[in-house]
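Quick look at upload.csv (CSV, C-alpha atoms and all ligand atoms):
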chain,number,residue,atom,x,y,z
M,1,MET,CA,-40.9,-40.3,33.2
M,2,THR,CA,-42.1,-36.9,32.0
M,3,LEU,CA,-39.4,-34.6,30.9
M,4,ALA,CA,-39.7,-30.8,31.0
M,5,ILE,CA,-37.7,-27.9,29.7
M,6,GLY,CA,-36.8,-25.1,32.1
M,7,VAL,CA,-35.5,-21.7,30.8
M,8,ASP,CA,-33.7,-19.3,33.1
M,9,VAL,CA,-34.0,-15.8,31.5
M,10,GLY,CA,-31.6,-13.3,33.1
M,11,GLY,CA,-30.3,-9.9,32.1
M,12,THR,CA,-27.1,-11.4,30.7
M,13,LYS,CA,-27.8,-15.0,29.7
M,14,VAL,CA,-30.6,-17.3,28.7
M,15,ALA,CA,-29.9,-20.8,30.1
M,16,ALA,CA,-32.2,-23.8,29.3
M,17,GLY,CA,-32.2,-27.4,30.2
M,18,VAL,CA,-34.1,-30.6,29.8
M,19,VAL,CA,-35.0,-31.7,33.4
M,20,ASP,CA,-36.4,-35.1,34.6
M,21,GLU,CA,-38.8,-35.7,37.5
M,22,ASP,CA,-35.9,-36.0,40.0
M,23,GLY,CA,-34.6,-32.5,39.1
M,24,GLN,CA,-31.7,-33.9,37.1
M,25,ILE,CA,-30.6,-31.9,34.0
M,26,LEU,CA,-30.1,-34.2,31.0
M,27,ALA,CA,-29.1,-31.5,28.5
M,28,LYS,CA,-28.3,-27.8,28.8
M,29,LEU,CA,-27.8,-24.8,26.5
M,30,LYS,CA,-26.7,-21.2,27.2
M,31,ARG,CA,-26.9,-18.0,25.1
M,32,SER,CA,-26.3,-14.4,25.9
M,33,THR,CA,-29.4,-12.3,26.3
M,34,PRO,CA,-30.2,-9.6,23.7
M,35,ALA,CA,-31.6,-7.7,26.7
M,36,ALA,CA,-32.3,-4.4,24.9
M,37,SER,CA,-34.8,-6.0,22.5
M,38,PRO,CA,-37.8,-7.9,23.8
M,39,ALA,CA,-38.4,-9.5,20.4
M,40,ARG,CA,-34.9,-10.8,20.1
M,41,THR,CA,-34.9,-12.0,23.7
M,42,GLU,CA,-38.1,-14.0,23.0
M,43,GLN,CA,-36.6,-15.4,19.8
M,44,THR,CA,-33.5,-16.5,21.8
M,45,ILE,CA,-35.8,-18.3,24.3
M,46,ALA,CA,-37.7,-20.0,21.4
M,47,ASP,CA,-34.4,-21.0,19.7
M,48,VAL,CA,-32.9,-22.7,22.8
M,49,VAL,CA,-36.2,-24.5,23.5
M,50,THR,CA,-36.5,-25.6,19.8
M,51,GLU,CA,-33.0,-27.0,19.9
M,52,LEU,CA,-33.6,-28.9,23.1
M,53,LEU,CA,-37.0,-30.2,21.8
M,54,ALA,CA,-35.2,-31.7,18.8
M,55,GLY,CA,-33.5,-34.3,21.0
M,56,HIS,CA,-36.0,-35.0,23.7
M,57,ASN,CA,-39.7,-35.9,24.2
M,58,VAL,CA,-40.8,-33.1,26.4
M,59,GLY,CA,-44.1,-32.7,28.2
M,60,ALA,CA,-44.0,-29.1,29.5
M,61,ILE,CA,-42.0,-25.9,29.1
M,62,GLY,CA,-41.4,-23.3,31.9
M,63,LEU,CA,-39.7,-19.9,31.9
M,64,GLY,CA,-38.1,-18.4,35.0
M,65,ALA,CA,-37.8,-14.7,34.1
M,66,ALA,CA,-35.9,-12.0,35.9
M,67,GLY,CA,-38.5,-9.4,36.5
M,68,PHE,CA,-42.0,-8.7,37.8
M,69,VAL,CA,-44.4,-11.3,36.5
M,70,ASP,CA,-48.1,-10.3,36.7
M,71,SER,CA,-50.6,-12.3,38.8
M,72,ALA,CA,-51.9,-14.1,35.6
M,73,ARG,CA,-48.3,-15.3,35.0
M,74,ALA,CA,-48.4,-14.1,31.4
M,75,THR,CA,-47.0,-10.5,31.3
M,76,MET,CA,-43.7,-9.2,32.4
M,77,LEU,CA,-44.7,-5.9,34.1
M,78,PHE,CA,-41.2,-4.6,34.5
M,79,ALA,CA,-37.6,-6.0,34.5
M,80,PRO,CA,-34.7,-4.0,35.9
M,81,ASN,CA,-32.1,-5.6,33.6
M,82,LEU,CA,-34.2,-6.3,30.5
M,83,ALA,CA,-36.3,-4.1,28.2
M,84,TRP,CA,-39.6,-5.7,29.3
M,85,ARG,CA,-42.3,-3.2,30.2
M,86,ASP,CA,-45.8,-4.7,30.1
M,87,GLU,CA,-44.4,-7.4,27.8
M,88,PRO,CA,-46.8,-10.3,27.0
M,89,LEU,CA,-44.0,-12.8,27.3
M,90,LYS,CA,-46.1,-16.0,27.6
M,91,GLN,CA,-48.1,-15.1,24.4
M,92,ARG,CA,-45.0,-14.1,22.4
M,93,VAL,CA,-43.0,-17.2,23.2
M,94,GLU,CA,-46.1,-19.5,22.6
M,95,GLU,CA,-46.6,-17.9,19.2
M,96,ARG,CA,-43.0,-18.7,18.3
M,97,LEU,CA,-43.1,-22.3,19.6
M,98,GLY,CA,-46.7,-23.3,18.9
M,99,ARG,CA,-46.8,-24.8,22.4
M,100,ASP,CA,-47.9,-23.8,25.9
M,101,VAL,CA,-45.3,-22.3,28.2
M,102,LEU,CA,-45.5,-21.4,31.9
M,103,VAL,CA,-44.0,-18.1,33.0
M,104,GLU,CA,-42.7,-17.6,36.6
M,105,ASN,CA,-40.4,-15.1,38.3
M,106,ASP,CA,-36.8,-16.5,38.3
M,107,ALA,CA,-36.4,-16.3,42.1
M,108,ASN,CA,-39.7,-18.1,42.6
M,109,ALA,CA,-38.4,-20.8,40.2
M,110,SER,CA,-35.1,-21.1,42.1
M,111,ALA,CA,-36.9,-21.3,45.5
M,112,TRP,CA,-39.2,-24.0,44.1
M,113,ALA,CA,-36.2,-26.0,43.0
M,114,GLU,CA,-34.4,-25.7,46.3
M,115,ALA,CA,-37.6,-26.7,48.1
M,116,ARG,CA,-38.2,-29.7,45.8
M,117,PHE,CA,-34.7,-31.0,45.3
M,118,GLY,CA,-32.2,-28.8,47.1
M,119,ALA,CA,-31.3,-27.2,50.5
M,120,ALA,CA,-34.9,-26.8,51.7
M,121,ARG,CA,-36.2,-30.3,50.7
M,122,GLY,CA,-38.9,-31.3,53.1
M,123,TYR,CA,-39.7,-27.7,54.3
M,124,LEU,CA,-43.1,-26.2,53.5
M,125,ASP,CA,-42.5,-22.7,54.9
M,126,LEU,CA,-39.3,-21.1,53.7
M,127,MET,CA,-37.8,-18.1,52.1
M,128,LEU,CA,-35.1,-17.9,49.5
M,129,VAL,CA,-32.8,-14.9,49.7
M,130,ALA,CA,-30.3,-14.7,46.8
M,131,LEU,CA,-27.4,-12.2,47.1
M,132,GLY,CA,-26.2,-11.0,43.8
M,133,THR,CA,-26.2,-7.5,42.2
M,134,GLY,CA,-29.0,-6.9,44.6
M,135,ILE,CA,-31.3,-9.3,46.6
M,136,GLY,CA,-33.6,-11.7,44.8
M,137,ALA,CA,-36.1,-13.4,47.0
M,138,SER,CA,-39.1,-15.7,47.1
M,139,ILE,CA,-41.6,-16.9,49.7
M,140,ILE,CA,-43.1,-20.4,50.0
M,141,ILE,CA,-45.9,-20.8,52.5
M,142,GLY,CA,-47.5,-24.1,53.2
M,143,GLY,CA,-45.8,-25.6,50.1
M,144,GLU,CA,-47.1,-22.9,47.8
M,145,LEU,CA,-45.3,-20.0,46.2
M,146,TYR,CA,-46.6,-16.8,47.6
M,147,ARG,CA,-46.9,-14.2,44.8
M,148,GLY,CA,-49.0,-11.4,46.4
M,149,ARG,CA,-52.0,-9.8,44.8
M,150,TRP,CA,-50.1,-8.3,41.8
M,151,GLY,CA,-47.5,-11.0,41.5
M,152,ILE,CA,-44.7,-8.9,43.0
M,153,ALA,CA,-44.3,-10.2,46.5
M,154,GLY,CA,-40.9,-11.0,47.9
M,155,GLU,CA,-38.7,-7.9,47.2
M,156,PRO,CA,-37.1,-7.4,50.6
M,157,GLY,CA,-34.0,-5.9,49.1
M,158,HIS,CA,-35.7,-2.6,49.1
M,159,ILE,CA,-36.8,-2.6,52.7
M,160,ARG,CA,-35.0,0.4,54.1
M,161,VAL,CA,-32.7,-0.6,56.9
M,162,VAL,CA,-30.6,2.7,57.3
M,163,PRO,CA,-32.4,6.0,57.4
M,164,ASP,CA,-30.8,8.3,54.8
M,165,GLY,CA,-28.3,5.5,54.1
M,166,ARG,CA,-26.6,4.5,50.8
M,167,LEU,CA,-28.3,5.5,47.6
M,168,CYS,CA,-30.1,2.5,45.9
M,169,GLY,CA,-30.7,1.8,42.2
M,170,CYS,CA,-34.4,2.1,43.0
M,171,GLY,CA,-34.0,5.7,43.9
M,172,ASN,CA,-34.5,5.4,47.7
M,173,ARG,CA,-31.7,5.5,50.3
M,174,GLY,CA,-30.7,2.8,52.8
M,175,CYS,CA,-32.2,-0.2,51.2
M,176,TRP,CA,-31.1,-3.6,52.6
M,177,GLU,CA,-29.4,-4.7,49.4
M,178,GLN,CA,-27.1,-1.8,49.6
M,179,TYR,CA,-25.6,-3.4,52.7
M,180,CYS,CA,-26.3,-7.1,52.0
M,181,SER,CA,-25.5,-8.4,48.5
M,182,GLY,CA,-22.7,-9.4,46.2
M,183,ASN,CA,-22.2,-5.8,45.3
M,184,ALA,CA,-22.2,-4.7,48.9
M,185,LEU,CA,-19.5,-7.2,49.7
M,186,VAL,CA,-17.3,-5.9,46.9
M,187,ALA,CA,-17.9,-2.3,47.9
M,188,GLU,CA,-16.9,-3.1,51.4
M,189,ALA,CA,-13.7,-4.8,50.3
M,190,ARG,CA,-12.7,-2.0,47.9
M,191,GLU,CA,-13.4,0.7,50.4
M,192,PHE,CA,-11.3,-1.1,53.0
M,193,ALA,CA,-8.5,-1.5,50.6
M,194,ARG,CA,-8.5,2.2,49.7
M,195,ARG,CA,-8.7,3.3,53.3
M,196,THR,CA,-6.3,0.8,54.8
M,197,PRO,CA,-4.1,-0.6,52.0
M,198,GLU,CA,-1.6,-2.0,54.5
M,199,GLY,CA,-4.4,-4.2,56.0
M,200,ALA,CA,-5.6,-5.4,52.6
M,201,MET,CA,-2.4,-6.7,51.1
M,202,ARG,CA,-3.8,-10.0,50.0
M,203,LEU,CA,-7.0,-8.6,48.6
M,204,LEU,CA,-5.0,-6.0,46.6
M,205,GLN,CA,-2.6,-8.7,45.4
M,206,LEU,CA,-5.6,-10.8,44.1
M,207,GLY,CA,-7.1,-7.6,42.6
M,208,GLY,CA,-4.0,-6.9,40.5
M,209,GLY,CA,-2.8,-4.2,42.8
M,210,ARG,CA,-5.9,-2.0,42.6
M,211,ALA,CA,-8.9,-1.7,44.9
M,212,GLU,CA,-11.1,-1.6,41.7
M,213,GLY,CA,-9.7,-5.0,40.7
M,214,ILE,CA,-11.1,-6.7,43.7
M,215,SER,CA,-14.3,-8.7,43.0
M,216,GLY,CA,-16.4,-11.3,44.7
M,217,PRO,CA,-14.5,-14.5,43.9
M,218,GLU,CA,-11.2,-12.9,45.1
M,219,ILE,CA,-12.8,-11.9,48.4
M,220,THR,CA,-14.1,-15.4,48.9
M,221,ARG,CA,-10.7,-16.9,48.0
M,222,ALA,CA,-8.9,-14.6,50.4
M,223,ALA,CA,-11.4,-15.4,53.2
M,224,VAL,CA,-11.0,-19.1,52.6
M,225,GLU,CA,-7.2,-18.6,53.1
M,226,GLY,CA,-8.0,-16.9,56.4
M,227,ASP,CA,-7.2,-13.3,55.3
M,228,PRO,CA,-8.5,-11.1,58.1
M,229,ALA,CA,-9.6,-8.2,55.8
M,230,ALA,CA,-11.7,-10.6,53.6
M,231,LEU,CA,-13.1,-12.3,56.7
M,232,ARG,CA,-14.1,-8.9,58.0
M,233,CYS,CA,-16.0,-8.1,54.8
M,234,PHE,CA,-18.0,-11.4,55.3
M,235,GLN,CA,-18.6,-10.5,58.9
M,236,ILE,CA,-20.1,-7.2,58.0
M,237,VAL,CA,-22.3,-8.5,55.1
M,238,GLY,CA,-23.2,-11.6,57.1
M,239,GLY,CA,-24.2,-9.4,60.0
M,240,TRP,CA,-26.5,-7.4,57.7
M,241,LEU,CA,-27.9,-10.7,56.4
M,242,GLY,CA,-28.8,-12.0,59.8
M,243,GLN,CA,-30.3,-8.7,60.9
M,244,GLY,CA,-32.6,-8.7,57.8
M,245,LEU,CA,-33.5,-12.3,58.2
M,246,ALA,CA,-34.6,-11.6,61.8
M,247,ASP,CA,-36.9,-8.9,60.5
M,248,LEU,CA,-38.3,-11.2,57.8
M,249,ALA,CA,-38.9,-13.9,60.5
M,250,ALA,CA,-40.9,-11.3,62.5
M,251,ILE,CA,-43.3,-11.2,59.5
M,252,LEU,CA,-43.2,-14.7,58.0
M,253,ASP,CA,-41.8,-17.1,60.7
M,254,PRO,CA,-40.4,-19.5,58.2
M,255,ALA,CA,-38.8,-22.8,59.1
M,256,CYS,CA,-35.8,-22.3,56.8
M,257,PHE,CA,-34.0,-19.5,54.9
M,258,VAL,CA,-32.1,-20.6,51.9
M,259,ILE,CA,-29.3,-18.2,51.0
M,260,GLY,CA,-28.4,-18.3,47.3
M,261,GLY,CA,-26.4,-16.2,44.8
M,262,GLY,CA,-22.7,-16.1,44.2
M,263,VAL,CA,-21.9,-14.8,47.7
M,264,SER,CA,-23.4,-17.9,49.2
M,265,GLU,CA,-20.6,-20.0,47.7
M,266,ALA,CA,-18.5,-18.8,50.7
M,267,GLY,CA,-20.8,-21.0,52.8
M,268,ASP,CA,-20.3,-20.7,56.6
M,269,LEU,CA,-17.9,-17.8,56.2
M,270,LEU,CA,-21.0,-15.8,55.3
M,271,LEU,CA,-23.7,-17.9,57.2
M,272,ASP,CA,-22.0,-18.1,60.6
M,273,PRO,CA,-22.0,-14.4,61.2
M,274,ALA,CA,-25.5,-14.3,59.7
M,275,ARG,CA,-26.7,-17.0,62.2
M,276,ALA,CA,-25.1,-15.2,65.1
M,277,THR,CA,-26.7,-11.9,64.3
M,278,PHE,CA,-30.0,-13.6,63.5
M,279,GLU,CA,-30.1,-15.3,66.9
M,280,HIS,CA,-29.2,-12.0,68.6
M,281,ALA,CA,-31.7,-9.9,66.7
M,282,LEU,CA,-34.7,-12.3,66.8
M,283,THR,CA,-37.6,-11.1,68.8
M,284,GLY,CA,-38.5,-13.6,71.5
M,285,ARG,CA,-35.2,-15.3,71.2
M,286,GLY,CA,-34.8,-18.2,73.6
M,287,TYR,CA,-38.5,-18.8,73.6
M,288,ARG,CA,-39.1,-19.9,70.0
M,289,PRO,CA,-37.5,-22.3,67.6
M,290,LEU,CA,-34.8,-20.8,65.3
M,291,ALA,CA,-35.3,-21.0,61.6
M,292,GLU,CA,-32.4,-22.8,59.8
M,293,ILE,CA,-30.2,-20.6,57.6
M,294,LYS,CA,-28.7,-22.8,54.8
M,295,ALA,CA,-26.7,-22.3,51.7
M,296,ALA,CA,-28.5,-23.0,48.4
M,297,GLN,CA,-27.5,-26.4,46.9
M,298,LEU,CA,-28.4,-26.1,43.2
M,299,GLY,CA,-26.3,-23.1,42.2
M,300,GLU,CA,-27.0,-21.5,38.9
M,301,ASP,CA,-29.1,-24.5,37.8
M,302,ALA,CA,-31.9,-23.7,40.3
M,303,GLY,CA,-33.8,-21.5,37.9
M,304,ILE,CA,-33.8,-24.1,35.1
M,305,VAL,CA,-34.8,-26.9,37.4
M,306,GLY,CA,-37.5,-24.9,39.2
M,307,ALA,CA,-39.1,-23.5,36.0
M,308,ALA,CA,-39.2,-27.0,34.5
M,309,ASP,CA,-40.7,-28.6,37.6
M,310,LEU,CA,-43.3,-25.9,37.9
M,311,ALA,CA,-44.3,-26.4,34.3
M,312,ARG,CA,-44.4,-30.2,34.7
M,313,THR,CA,-46.4,-30.0,38.0
M,314,GLY,CA,-48.8,-27.6,36.4
M,315,MET,CA,-49.3,-29.9,33.4
M,316,LEU,CA,-49.9,-32.9,35.7
M,317,GLN,CA,-52.6,-30.9,37.5
M,318,THR,CA,-54.5,-30.0,34.4
M,319,THR,CA,-54.2,-33.2,32.4
M,320,ALA,CA,-53.9,-36.0,35.0
M,321,PRO,CA,-55.1,-35.1,38.5
M,322,SER,CA,-54.0,-37.8,40.8
M,323,SER,CA,-55.7,-39.1,43.8
M,324,PRO,CA,-53.9,-37.8,46.9
M,325,SER,CA,-54.3,-41.1,48.7
M,326,SER,CA,-52.4,-43.0,45.9
M,327,GLU,CA,-49.4,-40.7,46.1
M,328,PRO,CA,-46.2,-41.9,47.8
M,329,PRO,CA,-44.9,-40.2,50.9
M,330,GLY,CA,-41.8,-38.0,50.8
M,331,PRO,CA,-41.3,-35.7,47.8
M,332,GLY,CA,-44.8,-36.7,46.6
M,333,SER,CA,-46.3,-34.9,49.6
M,334,PHE,CA,-44.9,-31.7,48.2
M,335,ILE,CA,-46.7,-32.2,44.9
M,336,ARG,CA,-49.8,-33.2,46.7
M,337,SER,CA,-49.8,-30.0,48.6
M,338,THR,CA,-49.5,-28.0,45.4
M,339,SER,CA,-52.5,-29.8,43.8
M,340,THR,CA,-54.7,-29.4,46.9
M,341,ALA,CA,-53.8,-25.7,47.0
M,342,ASN,CA,-54.9,-25.2,43.4
M,343,PRO,CA,-58.5,-24.4,44.3
M,344,VAL,CA,-57.2,-21.9,46.8
M,345,THR,CA,-55.3,-20.1,44.1
M,346,ASN,CA,-58.4,-20.1,41.8
M,347,ALA,CA,-60.5,-18.8,44.7
M,348,ALA,CA,-58.1,-16.0,45.3
M,349,THR,CA,-58.1,-15.1,41.7
M,350,ALA,CA,-61.9,-15.0,41.6
M,351,GLN,CA,-61.9,-12.9,44.7
M,352,ASN,CA,-59.5,-10.5,43.2
M,353,ALA,CA,-61.4,-10.3,39.9
M,354,ALA,CA,-64.4,-9.1,42.0
M,355,ILE,CA,-62.4,-6.1,43.3
M,356,PRO,CA,-63.4,-2.9,41.5
M,357,GLU,CA,-61.2,-1.3,38.8
M,358,THR,CA,-60.0,1.3,41.2
M,359,ASP,CA,-58.0,-1.4,42.9
M,360,GLN,CA,-55.7,-1.6,39.8
M,361,PRO,CA,-52.1,-0.8,40.8
M,362,ALA,CA,-51.5,2.9,40.1
M,363,THR,CA,-48.1,2.4,41.7
M,364,VAL,CA,-47.0,0.2,38.8
M,365,ALA,CA,-47.4,3.1,36.4
M,366,THR,CA,-45.3,5.3,38.6
M,367,THR,CA,-42.6,2.6,39.0
M,368,ARG,CA,-41.9,2.6,35.2
V,1,ZN,ZN,-33.8,0.2,46.8

Transcribe the structure of this file into structure tokens.
Amino acid sequence: MTLAIGVDVGGTKVAAGVVDEDGQILAKLKRSTPAASPARTEQTIADVVTELLAGHNVGAIGLGAAGFVDSARATMLFAPNLAWRDEPLKQRVEERLGRDVLVENDANASAWAEARFGAARGYLDLMLVALGTGIGASIIIGGELYRGRWGIAGEPGHIRVVPDGRLCGCGNRGCWEQYCSGNALVAEAREFARRTPEGAMRLLQLGGGRAEGISGPEITRAAVEGDPAALRCFQIVGGWLGQGLADLAAILDPACFVIGGGVSEAGDLLLDPARATFEHALTGRGYRPLAEIKAAQLGEDAGIVGAADLARTGMLQTTAPSSPSSEPPGPGSFIRSTSTANPVTNAATAQNAAIPETDQPATVATTR
């Protein structure tokens, strides 16, 4: 049994765990992120890993980091909630630890975990859509994470769904995540409570009497109780979710959408309106199979489990390539698909390396 450490590096916390081959977490640590300082963030990562290494014999270490990871999976190009700008994260953490680490985007790590051990187990074509402050997302095609040419694929939160709509943190207007996220749910509830306080009595009561006191868990609680105002908020956000998933299905045609993030804890209160809108909005409805829309199962541990499993799988590929014919069916088929796809990844990298310098992403410079 090869153990691996997965570290979930977010804007507010660094969470790390020792994970076994079945995706079970054997030990776990959490620290707050010194997000303003790249060096202190890297030291915090090294500290939690060192502490976990002291008690366990670990074969591989993976980081799931909240930001744009470059296609070499070494440098953090940009992070909205951390001070990373062209930060060589892999190198900096390896220097501190004296060991190899794998770096992956946090949503990619979560999607991998859900596909291997969670809600999307058994699916090879899927998409994770996590609703939090904004929308985090990840695409898995044919059992492989799809990263795009520059490593930045899977940011559907900034597809503009309303012309000249709500202002987004990215500077544009009408982005999907302004209508479909944890923040959007809260904004919907607060606005309703301000506009129609007599219809939002329960929400206001849970919010301490003020619209500004209403947050996500209160809305979920009121909705579970059957409060019409809270249910209406989930109808609206769920509707935007289904609408956006139908658009994504038009491009990717996945078998399954896994919905994560705090909002997904409301389960079918969110997913039923999403499914209804999805079915209604889907092009060619009635003449094609419907993708499943499922709630994520691994919760906040998904990033840890996925980063660890990606690191462990990567290590197995480089140190002990196994014969596909000797692998067991079931979950093993997932691992097998990743190892067979490895040459594809290398071929793609070689192909990209042949592209002239002018193909470098000028847009990245303007993003910063
Ligand atoms: Zn945006």

- Message: Which residues are near M:Val224? Cut-off 9 Å, all atoms listed in the file, ignore same chain within fewer than 6 positions. Put them as a list of chain:residue names.
- Response: M:Ala230, M:Leu231, M:Ala266, M:Leu269

Written selection (C-alpha atoms) as a CSV table (one decimal), keeping the file's coordinate frame:
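Dumped everything to selection-v2.csv:
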chain,number,residue,atom,x,y,z
M,230,ALA,CA,-11.7,-10.6,53.6
M,231,LEU,CA,-13.1,-12.3,56.7
M,266,ALA,CA,-18.5,-18.8,50.7
M,269,LEU,CA,-17.9,-17.8,56.2

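Separating atom CA of M:Asn183 from atom CA of M:Gly260 is a distance of 14.1 Å.
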
Contact check, chain M to ligand ZN 1 (chain V), at most 10 Å, counting all atoms listed in the file, closest pairs as JSON lines:
{"residue": "M:Gly134", "atom": "CA", "partner": "V:ZN1", "partner_atom": "ZN", "distance": 8.8}
{"residue": "M:Ile135", "atom": "CA", "partner": "V:ZN1", "partner_atom": "ZN", "distance": 9.8}
{"residue": "M:Glu155", "atom": "CA", "partner": "V:ZN1", "partner_atom": "ZN", "distance": 9.5}
{"residue": "M:Pro156", "atom": "CA", "partner": "V:ZN1", "partner_atom": "ZN", "distance": 9.1}
{"residue": "M:Gly157", "atom": "CA", "partner": "V:ZN1", "partner_atom": "ZN", "distance": 6.5}
{"residue": "M:His158", "atom": "CA", "partner": "V:ZN1", "partner_atom": "ZN", "distance": 4.1}
{"residue": "M:Ile159", "atom": "CA", "partner": "V:ZN1", "partner_atom": "ZN", "distance": 7.2}
{"residue": "M:Arg160", "atom": "CA", "partner": "V:ZN1", "partner_atom": "ZN", "distance": 7.4}
{"residue": "M:Arg166", "atom": "CA", "partner": "V:ZN1", "partner_atom": "ZN", "distance": 9.3}
{"residue": "M:Leu167", "atom": "CA", "partner": "V:ZN1", "partner_atom": "ZN", "distance": 7.7}
{"residue": "M:Cys168", "atom": "CA", "partner": "V:ZN1", "partner_atom": "ZN", "distance": 4.4}
{"residue": "M:Gly169", "atom": "CA", "partner": "V:ZN1", "partner_atom": "ZN", "distance": 5.8}
{"residue": "M:Cys170", "atom": "CA", "partner": "V:ZN1", "partner_atom": "ZN", "distance": 4.3}
{"residue": "M:Gly171", "atom": "CA", "partner": "V:ZN1", "partner_atom": "ZN", "distance": 6.2}
{"residue": "M:Asn172", "atom": "CA", "partner": "V:ZN1", "partner_atom": "ZN", "distance": 5.3}
{"residue": "M:Arg173", "atom": "CA", "partner": "V:ZN1", "partner_atom": "ZN", "distance": 6.7}
{"residue": "M:Gly174", "atom": "CA", "partner": "V:ZN1", "partner_atom": "ZN", "distance": 7.2}
{"residue": "M:Cys175", "atom": "CA", "partner": "V:ZN1", "partner_atom": "ZN", "distance": 4.7}
{"residue": "M:Trp176", "atom": "CA", "partner": "V:ZN1", "partner_atom": "ZN", "distance": 7.4}
{"residue": "M:Glu177", "atom": "CA", "partner": "V:ZN1", "partner_atom": "ZN", "distance": 7.1}
{"residue": "M:Gln178", "atom": "CA", "partner": "V:ZN1", "partner_atom": "ZN", "distance": 7.5}

- Message: What's the separation between atom CA of M:Leu241 and atom CA of M:Gly213, in Å to one decimal place?
- Response: 24.7 Å

Per residue of stretch 21-71 of chain M within 12 Å of stretch 112-131 of chain M, which atom pair is closest and at what distance in Å (one decimal), using only C-alpha atoms, listed by chain and increasing number, as JSON lines?
{"residue": "M:Glu21", "atom": "CA", "partner": "M:Phe117", "partner_atom": "CA", "distance": 10.0}
{"residue": "M:Asp22", "atom": "CA", "partner": "M:Phe117", "partner_atom": "CA", "distance": 7.4}
{"residue": "M:Gly23", "atom": "CA", "partner": "M:Phe117", "partner_atom": "CA", "distance": 6.4}
{"residue": "M:Gln24", "atom": "CA", "partner": "M:Phe117", "partner_atom": "CA", "distance": 9.2}
{"residue": "M:Gly64", "atom": "CA", "partner": "M:Trp112", "partner_atom": "CA", "distance": 10.7}

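Candidate residues M:Val305, M:Ala79, M:Ala184, M:Trp84 were compared for distance to M:Leu26, and the nearest is M:Val305, using all atoms listed in the file.
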
- Task: Considering all atoms listed in the file, state which residue in the set M:Ala4, M:Ile141, M:Leu89, M:Leu270 is at the smallest distance from M:Ile236.
- Result: M:Leu270
